[in-house]
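Everything on this sheet refers to the single structure shown next.
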Amino acid sequence: MLLCIAALAPAHALQVTDDRGATITFAQTPQRIVSLLPSLTESVCALEQCQRLVGVDRYSNYPASVRQLPVMGGGLDPNIESIVALKPDVVLLATSSRASQRLESLGIKVVALEPKKHADVKRVLRTLGLLLGVPEEAGAERLWRIIDTGVAAAAQSLSPKARNARVYFEVNRGPYAAGESSFIGETLMRLGVRNVVPASLGPFPRLNPEFVVRANPDVIMMGERSMQAMIPYPGWSSIKAVREQRICVFGVDEADVVVRPGPRMAEAARIMAKCLEDKAR
């Protein structure tokens, strides 16, 4: 009888709990992974497990090797048939993705993870490390130390004048801003600067352009994609940062780094610190 019970128990079963609160059981460590969120794609690769990825969403573009992988469409509404055809052991996606239930109904395991804060990045790295069988000390803990130390070093590199700057960060045309409670806001806070968009407005609020005029930031940061579509917002010519050309427009590659809560957050802090040092005066 004991032998029968032992035979039924998977030798290498593992369980992970995702951001939906769902517990997913695997008979063994997944070897074929589809990732439908760029920050998760980057995290898998940062844990040195890029070779397990068999498909990604259209926005996953780092590291360069993932650009050779089959593209499954958008992360929120991917091509289900293409995913099924790859026979993945697990699909990694955002909690906001509409694909979870459909994939699970087809017998495909789904792990939903969506980092929104610095602490979430640390937690997601740990969850992925567990899922991928990467020892914590060599994987998630080591990566988090690198991120944390890098952000701290970026903060220490700033001059007092740069640290006194009042900053507005536009994540998308709207304007949609990065508030104090967003992961971008957390990075700005760690750099020692003041975000003009308070936490009370939420992590990524859509603002009335007049709000930014009244806030009158010293420095404006925005991605190139936002700038390309930019018709000047009403009244912005009176903003100090606009008047004195203290605007950092991040190119596509840099913008990808600063708007993804993942293993490149230290690099994001360095990019923002360089902007502050160049523009705050």
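Convention: chains lettered A, B, ... in structure tokens order; per-chain residue numbering from 1; ligands numbered from 1 as shown.
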List the spatial neighbours of region 102-110 of chain A as a short mmCIF file (atom, residue, chain, number, x, y, z; two decimals) with all heavy atoms, in the first residue's frame - criterion: any atom at most 12 Å away, only C-alpha atoms, same-chain residues fewer than 4 positions off excluded.
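File part_2.cif, as written:
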```
data_model
loop_
_atom_site.label_atom_id
_atom_site.label_comp_id
_atom_site.auth_asym_id
_atom_site.auth_seq_id
_atom_site.Cartn_x
_atom_site.Cartn_y
_atom_site.Cartn_z
N GLN A 15 4.77 23.80 -6.20
CA GLN A 15 3.61 24.67 -6.20
C GLN A 15 4.03 26.12 -6.14
O GLN A 15 4.96 26.47 -5.41
CB GLN A 15 2.70 24.37 -5.00
CG GLN A 15 1.96 23.04 -5.07
CD GLN A 15 0.98 22.89 -3.94
OE1 GLN A 15 1.23 23.33 -2.83
NE2 GLN A 15 -0.16 22.24 -4.21
N VAL A 16 3.37 26.97 -6.93
CA VAL A 16 3.59 28.41 -6.83
C VAL A 16 2.23 29.09 -6.70
O VAL A 16 1.23 28.62 -7.25
CB VAL A 16 4.36 28.99 -8.04
CG1 VAL A 16 5.75 28.42 -8.13
CG2 VAL A 16 3.60 28.76 -9.34
N THR A 17 2.19 30.18 -5.96
CA THR A 17 0.98 30.99 -5.83
C THR A 17 1.20 32.28 -6.60
O THR A 17 2.19 32.98 -6.39
CB THR A 17 0.67 31.30 -4.35
OG1 THR A 17 0.51 30.05 -3.66
CG2 THR A 17 -0.59 32.12 -4.21
N ASP A 18 0.28 32.58 -7.53
CA ASP A 18 0.47 33.77 -8.37
C ASP A 18 -0.28 34.97 -7.82
O ASP A 18 -0.85 34.93 -6.72
CB ASP A 18 0.13 33.46 -9.83
CG ASP A 18 -1.37 33.27 -10.08
OD1 ASP A 18 -2.17 33.48 -9.15
OD2 ASP A 18 -1.73 32.91 -11.22
N ASP A 19 -0.30 36.06 -8.58
CA ASP A 19 -0.88 37.32 -8.09
C ASP A 19 -2.41 37.33 -8.11
O ASP A 19 -3.03 38.29 -7.65
CB ASP A 19 -0.32 38.50 -8.89
CG ASP A 19 1.14 38.80 -8.56
OD1 ASP A 19 1.67 38.15 -7.64
OD2 ASP A 19 1.74 39.68 -9.21
N ARG A 20 -3.02 36.28 -8.63
CA ARG A 20 -4.47 36.12 -8.51
C ARG A 20 -4.83 35.43 -7.20
O ARG A 20 -6.00 35.32 -6.85
CB ARG A 20 -5.02 35.27 -9.67
CG ARG A 20 -4.79 35.81 -11.06
CD ARG A 20 -5.16 34.77 -12.10
NE ARG A 20 -4.33 33.57 -12.00
CZ ARG A 20 -4.50 32.47 -12.72
NH1 ARG A 20 -5.50 32.40 -13.59
NH2 ARG A 20 -3.69 31.43 -12.57
N ALA A 22 -4.06 32.30 -6.95
CA ALA A 22 -4.22 30.92 -7.39
C ALA A 22 -2.95 30.13 -7.12
O ALA A 22 -1.84 30.64 -7.30
CB ALA A 22 -4.54 30.88 -8.89
N THR A 23 -3.10 28.88 -6.68
CA THR A 23 -1.96 27.99 -6.47
C THR A 23 -1.90 27.01 -7.63
O THR A 23 -2.89 26.31 -7.92
CB THR A 23 -2.09 27.24 -5.14
OG1 THR A 23 -2.10 28.20 -4.08
CG2 THR A 23 -0.91 26.29 -4.94
N ILE A 24 -0.77 26.98 -8.31
CA ILE A 24 -0.59 26.14 -9.49
C ILE A 24 0.43 25.06 -9.16
O ILE A 24 1.52 25.36 -8.66
CB ILE A 24 -0.14 26.97 -10.71
CG1 ILE A 24 -1.10 28.12 -10.97
CG2 ILE A 24 -0.07 26.09 -11.97
CD1 ILE A 24 -0.70 29.43 -10.35
N THR A 25 0.08 23.81 -9.44
CA THR A 25 0.95 22.67 -9.13
C THR A 25 1.56 22.13 -10.42
O THR A 25 0.87 21.94 -11.42
CB THR A 25 0.16 21.56 -8.43
OG1 THR A 25 -0.43 22.09 -7.24
CG2 THR A 25 1.08 20.39 -8.05
N PHE A 26 2.85 21.89 -10.37
CA PHE A 26 3.58 21.33 -11.51
C PHE A 26 4.22 20.02 -11.09
O PHE A 26 4.81 19.93 -10.01
CB PHE A 26 4.68 22.29 -11.98
CG PHE A 26 4.16 23.61 -12.50
CD1 PHE A 26 3.90 24.66 -11.62
CD2 PHE A 26 3.92 23.81 -13.85
CE1 PHE A 26 3.41 25.87 -12.08
CE2 PHE A 26 3.43 25.01 -14.33
CZ PHE A 26 3.17 26.04 -13.44
N ALA A 27 4.12 19.02 -11.95
CA ALA A 27 4.74 17.72 -11.66
C ALA A 27 6.26 17.85 -11.68
O ALA A 27 6.97 17.13 -10.98
CB ALA A 27 4.29 16.68 -12.68
N PRO A 30 8.92 23.56 -15.13
CA PRO A 30 8.56 23.82 -16.53
C PRO A 30 9.79 24.06 -17.40
O PRO A 30 10.72 24.77 -16.99
CB PRO A 30 7.70 25.09 -16.44
CG PRO A 30 7.24 25.16 -15.03
CD PRO A 30 8.31 24.54 -14.21
N ARG A 32 9.22 24.48 -21.09
CA ARG A 32 8.74 25.24 -22.24
C ARG A 32 7.83 26.37 -21.74
O ARG A 32 6.74 26.10 -21.22
CB ARG A 32 7.99 24.34 -23.24
CG ARG A 32 8.89 23.29 -23.89
CD ARG A 32 8.11 22.41 -24.85
NE ARG A 32 7.47 23.16 -25.93
CZ ARG A 32 8.11 23.60 -27.02
NH1 ARG A 32 9.41 23.36 -27.18
NH2 ARG A 32 7.46 24.26 -27.97
N ILE A 33 8.30 27.61 -21.89
CA ILE A 33 7.61 28.76 -21.30
C ILE A 33 7.23 29.77 -22.37
O ILE A 33 8.05 30.12 -23.23
CB ILE A 33 8.52 29.44 -20.25
CG1 ILE A 33 8.84 28.46 -19.11
CG2 ILE A 33 7.87 30.71 -19.69
CD1 ILE A 33 9.93 28.95 -18.18
N VAL A 34 5.98 30.23 -22.30
CA VAL A 34 5.55 31.38 -23.10
C VAL A 34 5.39 32.54 -22.13
O VAL A 34 4.74 32.41 -21.09
CB VAL A 34 4.22 31.10 -23.83
CG1 VAL A 34 3.65 32.40 -24.43
CG2 VAL A 34 4.43 30.08 -24.94
N SER A 35 6.00 33.69 -22.45
CA SER A 35 5.89 34.89 -21.61
C SER A 35 5.16 35.98 -22.39
O SER A 35 5.55 36.33 -23.50
CB SER A 35 7.27 35.39 -21.19
OG SER A 35 7.14 36.64 -20.50
N LEU A 36 4.11 36.52 -21.77
CA LEU A 36 3.28 37.53 -22.43
C LEU A 36 3.35 38.89 -21.75
O LEU A 36 2.44 39.71 -21.87
CB LEU A 36 1.82 37.05 -22.49
CG LEU A 36 1.58 35.74 -23.23
CD1 LEU A 36 0.10 35.35 -23.17
CD2 LEU A 36 2.04 35.85 -24.69
N ASP A 77 -4.41 40.33 -25.01
CA ASP A 77 -5.33 39.56 -25.84
C ASP A 77 -4.53 38.78 -26.90
O ASP A 77 -4.59 39.08 -28.09
CB ASP A 77 -6.33 40.52 -26.51
CG ASP A 77 -7.54 39.78 -27.04
OD1 ASP A 77 -7.69 38.60 -26.71
OD2 ASP A 77 -8.33 40.41 -27.78
N PRO A 78 -3.77 37.77 -26.47
CA PRO A 78 -2.86 37.07 -27.38
C PRO A 78 -3.57 36.09 -28.30
O PRO A 78 -4.76 35.82 -28.15
CB PRO A 78 -1.92 36.33 -26.42
CG PRO A 78 -2.80 36.04 -25.24
CD PRO A 78 -3.70 37.24 -25.10
N ASN A 79 -2.80 35.52 -29.23
CA ASN A 79 -3.32 34.51 -30.15
C ASN A 79 -3.31 33.15 -29.44
O ASN A 79 -2.25 32.51 -29.31
CB ASN A 79 -2.45 34.48 -31.41
CG ASN A 79 -3.01 33.56 -32.48
OD1 ASN A 79 -3.49 32.47 -32.19
ND2 ASN A 79 -2.94 34.00 -33.73
N ILE A 80 -4.46 32.73 -28.98
CA ILE A 80 -4.56 31.51 -28.18
C ILE A 80 -4.12 30.28 -28.97
O ILE A 80 -3.40 29.42 -28.47
CB ILE A 80 -6.02 31.31 -27.68
CG1 ILE A 80 -6.48 32.51 -26.84
CG2 ILE A 80 -6.13 30.01 -26.88
CD1 ILE A 80 -5.76 32.70 -25.54
N GLU A 81 -4.55 30.21 -30.24
CA GLU A 81 -4.22 29.04 -31.06
C GLU A 81 -2.71 28.90 -31.22
O GLU A 81 -2.17 27.78 -31.17
CB GLU A 81 -4.89 29.15 -32.43
CG GLU A 81 -6.40 29.01 -32.40
CD GLU A 81 -7.13 30.23 -31.85
OE1 GLU A 81 -6.52 31.33 -31.84
OE2 GLU A 81 -8.26 30.08 -31.40
N SER A 82 -2.02 30.02 -31.41
CA SER A 82 -0.56 29.98 -31.57
C SER A 82 0.12 29.49 -30.29
O SER A 82 1.10 28.74 -30.34
CB SER A 82 -0.02 31.37 -31.94
OG SER A 82 -0.50 31.77 -33.19
N ILE A 83 -0.42 29.91 -29.16
CA ILE A 83 0.15 29.49 -27.87
C ILE A 83 -0.04 27.98 -27.69
O ILE A 83 0.89 27.26 -27.34
CB ILE A 83 -0.49 30.26 -26.70
CG1 ILE A 83 -0.12 31.74 -26.77
CG2 ILE A 83 -0.06 29.68 -25.35
CD1 ILE A 83 -0.86 32.63 -25.78
N VAL A 84 -1.26 27.50 -27.94
CA VAL A 84 -1.55 26.07 -27.79
C VAL A 84 -0.63 25.23 -28.68
O VAL A 84 -0.13 24.18 -28.26
CB VAL A 84 -3.03 25.79 -28.12
CG1 VAL A 84 -3.30 24.28 -28.16
CG2 VAL A 84 -3.95 26.46 -27.10
N ALA A 85 -0.38 25.72 -29.89
CA ALA A 85 0.46 24.98 -30.84
C ALA A 85 1.89 24.80 -30.33
O ALA A 85 2.58 23.85 -30.72
CB ALA A 85 0.47 25.70 -32.19
N LEU A 86 2.35 25.70 -29.46
CA LEU A 86 3.71 25.61 -28.92
C LEU A 86 3.83 24.58 -27.79
O LEU A 86 4.93 24.25 -27.36
CB LEU A 86 4.17 26.97 -28.41
CG LEU A 86 4.51 28.03 -29.47
CD1 LEU A 86 4.82 29.37 -28.81
CD2 LEU A 86 5.68 27.59 -30.33
N LYS A 87 2.69 24.10 -27.29
CA LYS A 87 2.66 23.11 -26.20
C LYS A 87 3.51 23.54 -25.00
O LYS A 87 4.41 22.81 -24.55
CB LYS A 87 3.12 21.74 -26.71
CG LYS A 87 2.23 21.19 -27.81
CD LYS A 87 2.70 19.82 -28.29
CE LYS A 87 1.77 19.28 -29.37
NZ LYS A 87 2.23 18.00 -29.94
N PRO A 88 3.25 24.74 -24.46
CA PRO A 88 4.05 25.21 -23.33
C PRO A 88 3.70 24.47 -22.04
O PRO A 88 2.57 24.00 -21.86
CB PRO A 88 3.66 26.69 -23.22
CG PRO A 88 2.26 26.74 -23.74
CD PRO A 88 2.20 25.71 -24.84
N ASP A 89 4.68 24.37 -21.16
CA ASP A 89 4.42 23.83 -19.82
C ASP A 89 3.73 24.87 -18.95
O ASP A 89 3.02 24.53 -18.00
CB ASP A 89 5.74 23.42 -19.15
CG ASP A 89 6.46 22.32 -19.93
OD1 ASP A 89 5.76 21.44 -20.46
OD2 ASP A 89 7.70 22.38 -20.01
N VAL A 90 3.98 26.15 -19.26
CA VAL A 90 3.35 27.24 -18.50
C VAL A 90 3.35 28.51 -19.36
O VAL A 90 4.24 28.71 -20.19
CB VAL A 90 4.09 27.49 -17.16
CG1 VAL A 90 5.51 28.04 -17.38
CG2 VAL A 90 3.30 28.46 -16.26
N VAL A 91 2.32 29.33 -19.15
CA VAL A 91 2.27 30.65 -19.77
C VAL A 91 2.33 31.69 -18.66
O VAL A 91 1.55 31.65 -17.70
CB VAL A 91 0.98 30.84 -20.60
CG1 VAL A 91 0.89 32.27 -21.14
CG2 VAL A 91 0.92 29.84 -21.75
N LEU A 92 3.28 32.61 -18.76
CA LEU A 92 3.41 33.72 -17.82
C LEU A 92 2.71 34.93 -18.42
O LEU A 92 2.96 35.30 -19.57
CB LEU A 92 4.88 34.05 -17.59
CG LEU A 92 5.80 32.91 -17.14
CD1 LEU A 92 7.25 33.40 -17.07
CD2 LEU A 92 5.36 32.37 -15.78
N LEU A 93 1.83 35.55 -17.64
CA LEU A 93 1.12 36.71 -18.16
C LEU A 93 0.72 37.64 -17.03
O LEU A 93 0.88 37.34 -15.85
CB LEU A 93 -0.10 36.29 -19.00
CG LEU A 93 -1.00 35.15 -18.54
CD1 LEU A 93 -1.69 35.44 -17.23
CD2 LEU A 93 -2.06 34.85 -19.60
N ALA A 94 0.19 38.81 -17.40
CA ALA A 94 -0.25 39.80 -16.42
C ALA A 94 -1.60 39.38 -15.84
O ALA A 94 -2.40 38.70 -16.48
CB ALA A 94 -0.38 41.16 -17.09
N THR A 95 -1.88 39.82 -14.62
CA THR A 95 -3.18 39.53 -14.00
C THR A 95 -4.31 40.16 -14.81
O THR A 95 -5.44 39.69 -14.79
CB THR A 95 -3.23 40.05 -12.56
OG1 THR A 95 -2.85 41.43 -12.54
CG2 THR A 95 -2.28 39.27 -11.66
N SER A 97 -4.52 40.26 -18.02
CA SER A 97 -4.71 39.60 -19.32
C SER A 97 -6.05 38.86 -19.37
O SER A 97 -6.45 38.21 -18.40
CB SER A 97 -3.57 38.63 -19.60
OG SER A 97 -3.80 37.93 -20.81
N ARG A 98 -6.70 38.94 -20.51
CA ARG A 98 -7.98 38.26 -20.70
C ARG A 98 -7.80 36.79 -21.10
O ARG A 98 -8.78 36.07 -21.29
CB ARG A 98 -8.80 38.98 -21.78
CG ARG A 98 -9.20 40.39 -21.38
CD ARG A 98 -10.05 41.04 -22.45
NE ARG A 98 -9.26 41.40 -23.62
CZ ARG A 98 -8.62 42.55 -23.77
NH1 ARG A 98 -8.62 43.44 -22.78
NH2 ARG A 98 -7.95 42.81 -24.87
N LEU A 131 9.61 28.73 -9.50
CA LEU A 131 9.02 28.05 -10.65
C LEU A 131 10.08 27.42 -11.55
O LEU A 131 9.92 26.31 -12.06
CB LEU A 131 8.18 29.04 -11.45
CG LEU A 131 7.50 28.54 -12.72
CD1 LEU A 131 6.43 27.51 -12.39
CD2 LEU A 131 6.90 29.70 -13.51
#
```
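The residue set within 12 Å of Ser237 (chain A), counting only C-alpha atoms and dropping same-chain residues fewer than 3 places from it, reads Pro209, Glu210, Val212, Val213, Asn216, Ile231, Pro232, Tyr233, Pro234, Lys240, Ala241, Val242, Arg243, Glu244 and Gln245 of chain A.
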With N, CA, C and O atoms kept, could you save the residues just selected as a CSV table (one decimal), in the first residue's frame?
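The result, written out as result19.csv:
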```csv
chain,number,residue,atom,x,y,z
A,209,PRO,N,-4.2,68.7,-18.5
A,209,PRO,CA,-2.9,69.4,-18.8
A,209,PRO,C,-2.7,70.6,-17.9
A,209,PRO,O,-1.6,71.0,-17.6
A,210,GLU,N,-3.8,71.2,-17.5
A,210,GLU,CA,-3.7,72.4,-16.6
A,210,GLU,C,-3.1,72.1,-15.2
A,210,GLU,O,-2.4,72.9,-14.6
A,212,VAL,N,-0.5,70.2,-14.7
A,212,VAL,CA,0.9,70.3,-14.9
A,212,VAL,C,1.4,71.7,-15.0
A,212,VAL,O,2.4,72.1,-14.5
A,213,VAL,N,0.5,72.5,-15.6
A,213,VAL,CA,0.8,74.0,-15.7
A,213,VAL,C,0.9,74.6,-14.3
A,213,VAL,O,1.8,75.3,-13.9
A,216,ASN,N,4.0,73.3,-12.3
A,216,ASN,CA,5.2,74.1,-12.8
A,216,ASN,C,6.5,73.3,-12.5
A,216,ASN,O,7.3,73.9,-11.7
A,231,ILE,N,1.3,67.3,-29.7
A,231,ILE,CA,0.9,68.6,-30.1
A,231,ILE,C,0.9,69.3,-28.7
A,231,ILE,O,0.4,68.8,-27.7
A,232,PRO,N,1.5,70.5,-28.6
A,232,PRO,CA,1.7,71.1,-27.3
A,232,PRO,C,0.4,71.2,-26.6
A,232,PRO,O,-0.7,71.5,-27.1
A,233,TYR,N,0.4,70.8,-25.3
A,233,TYR,CA,-0.8,70.9,-24.5
A,233,TYR,C,-1.1,72.4,-24.2
A,233,TYR,O,-0.1,73.2,-24.1
A,234,PRO,N,-2.3,72.7,-24.0
A,234,PRO,CA,-2.7,74.1,-23.7
A,234,PRO,C,-2.0,74.7,-22.5
A,234,PRO,O,-2.0,74.0,-21.4
A,240,LYS,N,7.9,76.3,-16.4
A,240,LYS,CA,9.4,76.6,-16.3
A,240,LYS,C,10.2,75.6,-17.1
A,240,LYS,O,11.1,75.9,-17.8
A,241,ALA,N,9.9,74.3,-17.0
A,241,ALA,CA,10.7,73.2,-17.6
A,241,ALA,C,10.7,73.4,-19.2
A,241,ALA,O,11.6,73.1,-19.9
A,242,VAL,N,9.5,73.7,-19.7
A,242,VAL,CA,9.3,73.9,-21.1
A,242,VAL,C,10.0,75.2,-21.6
A,242,VAL,O,10.7,75.2,-22.6
A,243,ARG,N,9.8,76.2,-20.8
A,243,ARG,CA,10.4,77.5,-21.2
A,243,ARG,C,11.9,77.5,-21.2
A,243,ARG,O,12.6,78.0,-22.1
A,244,GLU,N,12.5,76.7,-20.3
A,244,GLU,CA,14.0,76.7,-20.2
A,244,GLU,C,14.5,75.4,-20.8
A,244,GLU,O,15.7,75.1,-20.6
A,245,GLN,N,13.7,74.6,-21.5
A,245,GLN,CA,14.1,73.4,-22.2
A,245,GLN,C,14.7,72.4,-21.3
A,245,GLN,O,15.7,71.8,-21.7
```
Just how far from CA of Pro115 (chain A) is CA of Val196 (chain A), in Å to one decimal?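 Taking CA of Val196 (chain A) as the start and CA of Pro115 (chain A) as the end point, the length is 23.1 Å.
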Option closest in space to Asp148 (chain A), from A:Ala177, A:Ala268, A:Ala162, A:Cys50 [counting only C-alpha atoms]: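 Looking at the shortest contact to Asp148 (chain A), the residue is A:Ala268.
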Separation of CA of Gly139 (chain A) and CA of Cys45 (chain A), in Å? 10.8 Å
If you take only C-alpha atoms and a cut-off of 12 Å, which residues of region 80-172 of chain A touch region 217-226 of chain A, and what are their nearest atom pairs and distances in Å to one decimal, in chain and number order, as CSV?
```
residue,atom,partner,partner_atom,distance
A:Lys161,CA,A:Asp218,CA,11.1
A:Ala162,CA,A:Val219,CA,9.7
A:Arg163,CA,A:Asp218,CA,11.2
A:Asn164,CA,A:Asp218,CA,9.3
A:Ala165,CA,A:Asp218,CA,5.9
A:Arg166,CA,A:Pro217,CA,5.2
A:Val167,CA,A:Val219,CA,5.0
A:Tyr168,CA,A:Ile220,CA,4.9
A:Phe169,CA,A:Met221,CA,4.7
A:Glu170,CA,A:Met222,CA,4.8
A:Val171,CA,A:Met222,CA,6.1
A:Asn172,CA,A:Ser226,CA,5.2
```
Write out as a ChimeraX atom specification each polymer residue whose atoms come within 7 Å of region 180-184 of chain A, counting only C-alpha atoms; drop sequence neighbours fewer than 4 positions from it. /A:116-118,188,195,197-199,202-204,261
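The set of residues in region 73-108 of chain A assigned to strand (DSSP E or B) by DSSP, using only backbone atoms of this structure, is A:Gly73, A:Pro78, A:Val90, A:Val91, A:Leu92, A:Leu93.
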Write out as a VMD selection string each polymer residue whose atoms come within 9 Å of Ala153 (chain A), counting only C-alpha atoms; drop sequence neighbours fewer than 4 positions from it. chain A and resid 148 to 149 157 266 269 to 270
Could you pull out the helix (DSSP H, G or I) residues of region 114-264 of chain A, going by DSSP on the backbone, and write them as a PyMOL selection string? chain A and resi 118-132+140-156+160-163+183-191+199-201+209-215+224-228+236-238+240-243+252-258
Filtering to C-alpha atoms, could you give me those residues as a PDB file, in the first residue's frame?
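File out05.pdb, as written:
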```pdb
ATOM      1  CA  HIS A 118       9.690  47.788  -6.236  1.00  0.00           C
ATOM      2  CA  ALA A 119       8.636  45.222  -3.620  1.00  0.00           C
ATOM      3  CA  ASP A 120       6.597  43.413  -6.286  1.00  0.00           C
ATOM      4  CA  VAL A 121       9.672  43.047  -8.487  1.00  0.00           C
ATOM      5  CA  LYS A 122      11.512  41.353  -5.624  1.00  0.00           C
ATOM      6  CA  ARG A 123       8.544  39.051  -4.967  1.00  0.00           C
ATOM      7  CA  VAL A 124       8.053  38.178  -8.661  1.00  0.00           C
ATOM      8  CA  LEU A 125      11.740  37.303  -9.023  1.00  0.00           C
ATOM      9  CA  ARG A 126      11.384  34.936  -6.054  1.00  0.00           C
ATOM     10  CA  THR A 127       8.250  33.324  -7.503  1.00  0.00           C
ATOM     11  CA  LEU A 128       9.893  32.863 -10.902  1.00  0.00           C
ATOM     12  CA  GLY A 129      13.019  31.488  -9.258  1.00  0.00           C
ATOM     13  CA  LEU A 130      10.901  28.902  -7.446  1.00  0.00           C
ATOM     14  CA  LEU A 131       9.015  28.046 -10.649  1.00  0.00           C
ATOM     15  CA  LEU A 132      12.239  27.695 -12.655  1.00  0.00           C
ATOM     16  CA  ALA A 140      16.300  36.199  -7.007  1.00  0.00           C
ATOM     17  CA  GLU A 141      18.295  37.383  -3.972  1.00  0.00           C
ATOM     18  CA  ARG A 142      21.410  38.066  -6.043  1.00  0.00           C
ATOM     19  CA  LEU A 143      19.415  39.974  -8.670  1.00  0.00           C
ATOM     20  CA  TRP A 144      17.575  42.046  -6.073  1.00  0.00           C
ATOM     21  CA  ARG A 145      20.856  43.047  -4.409  1.00  0.00           C
ATOM     22  CA  ILE A 146      22.170  44.219  -7.797  1.00  0.00           C
ATOM     23  CA  ILE A 147      18.980  46.233  -8.440  1.00  0.00           C
ATOM     24  CA  ASP A 148      18.845  47.748  -4.964  1.00  0.00           C
ATOM     25  CA  THR A 149      22.541  48.638  -4.906  1.00  0.00           C
ATOM     26  CA  GLY A 150      22.322  50.129  -8.412  1.00  0.00           C
ATOM     27  CA  VAL A 151      19.389  52.387  -7.525  1.00  0.00           C
ATOM     28  CA  ALA A 152      21.205  53.547  -4.374  1.00  0.00           C
ATOM     29  CA  ALA A 153      24.361  54.297  -6.382  1.00  0.00           C
ATOM     30  CA  ALA A 154      22.357  56.333  -8.911  1.00  0.00           C
ATOM     31  CA  ALA A 155      20.929  58.396  -6.040  1.00  0.00           C
ATOM     32  CA  GLN A 156      24.372  58.989  -4.545  1.00  0.00           C
ATOM     33  CA  PRO A 160      22.407  68.606  -4.326  1.00  0.00           C
ATOM     34  CA  LYS A 161      20.911  70.834  -7.025  1.00  0.00           C
ATOM     35  CA  ALA A 162      19.636  67.838  -9.012  1.00  0.00           C
ATOM     36  CA  ARG A 163      18.161  66.286  -5.872  1.00  0.00           C
ATOM     37  CA  PHE A 183       7.248  52.093  -9.371  1.00  0.00           C
ATOM     38  CA  ILE A 184       8.618  55.031 -11.413  1.00  0.00           C
ATOM     39  CA  GLY A 185       7.538  57.337  -8.602  1.00  0.00           C
ATOM     40  CA  GLU A 186       9.311  55.077  -6.104  1.00  0.00           C
ATOM     41  CA  THR A 187      12.514  55.336  -8.143  1.00  0.00           C
ATOM     42  CA  LEU A 188      12.224  59.144  -8.298  1.00  0.00           C
ATOM     43  CA  MET A 189      11.673  59.186  -4.538  1.00  0.00           C
ATOM     44  CA  ARG A 190      14.784  57.068  -3.993  1.00  0.00           C
ATOM     45  CA  LEU A 191      16.721  59.489  -6.193  1.00  0.00           C
ATOM     46  CA  ALA A 199       0.175  59.436  -4.497  1.00  0.00           C
ATOM     47  CA  SER A 200      -3.459  60.401  -3.842  1.00  0.00           C
ATOM     48  CA  LEU A 201      -4.073  60.557  -7.623  1.00  0.00           C
ATOM     49  CA  PRO A 209      -2.910  69.422 -18.788  1.00  0.00           C
ATOM     50  CA  GLU A 210      -3.731  72.428 -16.583  1.00  0.00           C
ATOM     51  CA  PHE A 211      -2.638  70.378 -13.540  1.00  0.00           C
ATOM     52  CA  VAL A 212       0.923  70.255 -14.887  1.00  0.00           C
ATOM     53  CA  VAL A 213       0.837  73.991 -15.677  1.00  0.00           C
ATOM     54  CA  ARG A 214      -0.102  74.721 -12.059  1.00  0.00           C
ATOM     55  CA  ALA A 215       2.500  72.267 -10.711  1.00  0.00           C
ATOM     56  CA  GLU A 224       9.886  59.371 -27.344  1.00  0.00           C
ATOM     57  CA  ARG A 225       6.583  57.704 -28.273  1.00  0.00           C
ATOM     58  CA  SER A 226       4.722  60.290 -26.202  1.00  0.00           C
ATOM     59  CA  MET A 227       6.756  63.103 -27.744  1.00  0.00           C
ATOM     60  CA  GLN A 228       6.222  61.935 -31.338  1.00  0.00           C
ATOM     61  CA  TRP A 236       2.439  74.388 -21.355  1.00  0.00           C
ATOM     62  CA  SER A 237       4.570  77.117 -22.901  1.00  0.00           C
ATOM     63  CA  SER A 238       4.414  78.868 -19.510  1.00  0.00           C
ATOM     64  CA  LYS A 240       9.388  76.556 -16.304  1.00  0.00           C
ATOM     65  CA  ALA A 241      10.747  73.237 -17.641  1.00  0.00           C
ATOM     66  CA  VAL A 242       9.307  73.912 -21.104  1.00  0.00           C
ATOM     67  CA  ARG A 243      10.410  77.544 -21.162  1.00  0.00           C
ATOM     68  CA  VAL A 252      12.622  54.003 -27.565  1.00  0.00           C
ATOM     69  CA  ASP A 253      15.249  51.754 -25.945  1.00  0.00           C
ATOM     70  CA  GLU A 254      15.647  53.965 -22.869  1.00  0.00           C
ATOM     71  CA  ALA A 255      11.876  54.397 -22.563  1.00  0.00           C
ATOM     72  CA  ASP A 256      11.457  50.604 -22.480  1.00  0.00           C
ATOM     73  CA  VAL A 257      13.929  50.457 -19.593  1.00  0.00           C
ATOM     74  CA  VAL A 258      12.305  53.171 -17.467  1.00  0.00           C
TER      75      VAL A 258
END
```
Do you know which residues are at most 10 Å from Asp278 (chain A) counting only C-alpha atoms, after dropping those on the same chain fewer than 6 positions away, and could you put them as a list in words? Ala162, Arg246, Ile247, Cys248 and Met272 of chain A
So the first atom is CA of Glu137 (chain A) and the second is CA of Leu40 (chain A); what is the distance between them in Å, to one decimal place? 19.3 Å
Nearest residue to Ala273 (chain A) out of A:Pro205, A:Gly192, A:Gly55, A:Gly251, using only C-alpha atoms? A:Gly192
Nearest candidate to Ser96 (chain A) (options A:Val134, A:Val54, A:Leu37, A:Leu47; using only C-alpha atoms):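 Checking each of A:Val134, A:Val54, A:Leu37, A:Leu47 against Ser96 (chain A), counting only C-alpha atoms, the winner is A:Leu37.
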